[in-house]
Amino acid sequence: MNLDWDALLQDCVNFTQRLIQTPSMPFEEAQLAELIAAELQQLNFDQVWLDEIGNVNGRIRGTDPSLGALVLNTHLDHVDPGEPSLWSVPPYSGTIVEDRIVGRGACDIKGPLAVQVYSMAALLRAGLRPRRDVVFSGVVQEEIGGAGATHWVENLDYDVDLVMLGEPSDNKIALGHRGIAQMWVQFNGRSVHASVPEKGVNPNYPMAKFIQDLQAAKGELSAHELLGPTTVSPTIIEVDTKSTNVTPAWTRVCLDFRTASESHKSLQAFVRRVAGDQAVVLEDGLCSPPTPYPDSDEIIYGYYTPPSDEKVQRAKALIEQGMGHEAELGSYQFATDGRHFVPYNLTMIGYAASEESQAHVVDEYISIPKMLESLRGHVALLKNY
Ligand SMILES: [Zn+2]
């Protein structure tokens, strides 16, 4: 393949720096979308377009229009850098420190976004056409729930064979992540003046015992062979009263479960085992306004593509050919926009150069040698998938 890899990497690094230098908090992605659209135009993509919600898209055409597209998905937004003085370089500088690019979004997700764009550009530079259309899809508002991804998938007007998520995977292939289930659990008592506690029933005592017992019982929750163990975290605790001299009539806790092996029903049964009869499972903690806790046997995933899937096998072989070594199969701890594509039966894998441990941290970085390796993996995939 006739391609100057050094020049490609250099351009990709430079683009990453410009992306980092263009802040793009949720709802403020427009300027970044314009920057990306201009880059795609200048790289001679066949089609470049923005949609109503502000997502930016670019397509290069394949030789066989009967094949579904390969979609490269990343998001445009990032989390707040927080106190700038905690950073060793200004967070929106994209400074190169040794062999890393440092700045807000370097890892999650502007470095991987640049690799996706420049691996597509690489084919055009080498005068090659992929077999199928390759579409870049940069979506808004991932960090606050995924309205951009939802809009994209709801309005899809072309066939998709595979979506590659650019969320940090350390150049491994991420086959999924756990899903979220939240539940409010309430203990009822009888409220009295705090000076005569013996006349009432204070629900804070069973609540305290429940939270202790929950910690001890967490080992009863089952694990998924690839996506890992189900976890539970008590998050918000509330009582009915705002008065410091009244014992509460009720107290409730929100439990946040991350699961790939439990259903809403099995989680509810787990809570009943731990809490006994005195607890009331109230409602779904994710919903506002409150809705009843779901009564379903379906396993709760974020997304999951089994290792045996033929698309995984094909993508893995090509990525390995490009990188020159094995691409391990793994999974994400965090959730991604991939979960919004599950109801539409799209097949997803994650593949990107940056490391999950660098997402949302001060001095977030991406390794430049890993970007090169990832460019090689992407180009091999795009060319022959
Ligand atoms: Zn991300």
# chains A, B, ... in the order shown; residues from 1 in each chain; ligands from 1
call {"tool": "residues_around", "arguments": {"residues": "Asp108 (chain A)", "least_positions_apart": "5", "cutoff": "8 Å", "atoms": "only C-alpha atoms", "output": "count of residues only"}}
result
7
call {"tool": "closest_atom_pairs", "arguments": {"of": "chain A", "to": "ligand 1", "cutoff": "12 Å", "atoms": "only C-alpha atoms and all ligand atoms", "output": "tab-separated table"}}
result
residue	atom	partner	partner_atom_place_in_ligand_line	distance
A:Asn73	CA	ligand 1	1 (Zn)	10.4
A:Thr74	CA	ligand 1	1 (Zn)	7.4
A:His75	CA	ligand 1	1 (Zn)	6.6
A:Leu76	CA	ligand 1	1 (Zn)	8.8
A:Asp77	CA	ligand 1	1 (Zn)	8.1
A:His78	CA	ligand 1	1 (Zn)	7.2
A:Val79	CA	ligand 1	1 (Zn)	9.0
A:Arg104	CA	ligand 1	1 (Zn)	11.4
A:Gly105	CA	ligand 1	1 (Zn)	8.4
A:Ala106	CA	ligand 1	1 (Zn)	10.4
A:Cys107	CA	ligand 1	1 (Zn)	8.2
A:Asp108	CA	ligand 1	1 (Zn)	4.6
A:Ile109	CA	ligand 1	1 (Zn)	5.3
A:Lys110	CA	ligand 1	1 (Zn)	9.0
A:Gly111	CA	ligand 1	1 (Zn)	10.8
A:Pro112	CA	ligand 1	1 (Zn)	9.6
A:Leu113	CA	ligand 1	1 (Zn)	10.2
A:Gly138	CA	ligand 1	1 (Zn)	11.3
A:Val139	CA	ligand 1	1 (Zn)	10.7
A:Val140	CA	ligand 1	1 (Zn)	10.9
A:Gln141	CA	ligand 1	1 (Zn)	10.1
A:Glu142	CA	ligand 1	1 (Zn)	7.0
A:Glu143	CA	ligand 1	1 (Zn)	7.0
A:Ile144	CA	ligand 1	1 (Zn)	10.7
A:Gly145	CA	ligand 1	1 (Zn)	11.3
A:Gly146	CA	ligand 1	1 (Zn)	10.6
A:Leu165	CA	ligand 1	1 (Zn)	9.2
A:Gly166	CA	ligand 1	1 (Zn)	7.8
A:Glu167	CA	ligand 1	1 (Zn)	5.2
A:Pro168	CA	ligand 1	1 (Zn)	7.3
A:Ser169	CA	ligand 1	1 (Zn)	10.6
A:Tyr332	CA	ligand 1	1 (Zn)	11.0
A:Gln333	CA	ligand 1	1 (Zn)	11.8
A:Phe334	CA	ligand 1	1 (Zn)	9.0
A:Ala335	CA	ligand 1	1 (Zn)	8.7
A:Thr336	CA	ligand 1	1 (Zn)	6.8
A:Asp337	CA	ligand 1	1 (Zn)	8.4
A:Gly338	CA	ligand 1	1 (Zn)	10.8
A:Gly350	CA	ligand 1	1 (Zn)	11.1
A:Ala352	CA	ligand 1	1 (Zn)	10.7
A:Ser354	CA	ligand 1	1 (Zn)	10.5
A:Glu355	CA	ligand 1	1 (Zn)	11.0
A:Glu356	CA	ligand 1	1 (Zn)	9.1
A:Ser357	CA	ligand 1	1 (Zn)	11.7
A:Gln358	CA	ligand 1	1 (Zn)	10.6
A:Ala359	CA	ligand 1	1 (Zn)	7.3
A:His360	CA	ligand 1	1 (Zn)	8.7
call {"tool": "closest_residue", "arguments": {"among": "A:Arg100, A:Lys311, A:Arg178, A:Lys209", "to": "Thr259 (chain A)", "atoms": "only C-alpha atoms"}}
result
A:Arg178
call {"tool": "closest_residue", "arguments": {"among": "A:Asp80, A:Asp6, A:Glu154, A:Asp64", "to": "His340 (chain A)", "atoms": "only C-alpha atoms"}}
result
A:Glu154
call {"tool": "closest_residue", "arguments": {"among": "A:Leu19, A:Asp170, A:Ile96, A:Asn345", "to": "Leu32 (chain A)", "atoms": "only C-alpha atoms"}}
result
A:Leu19
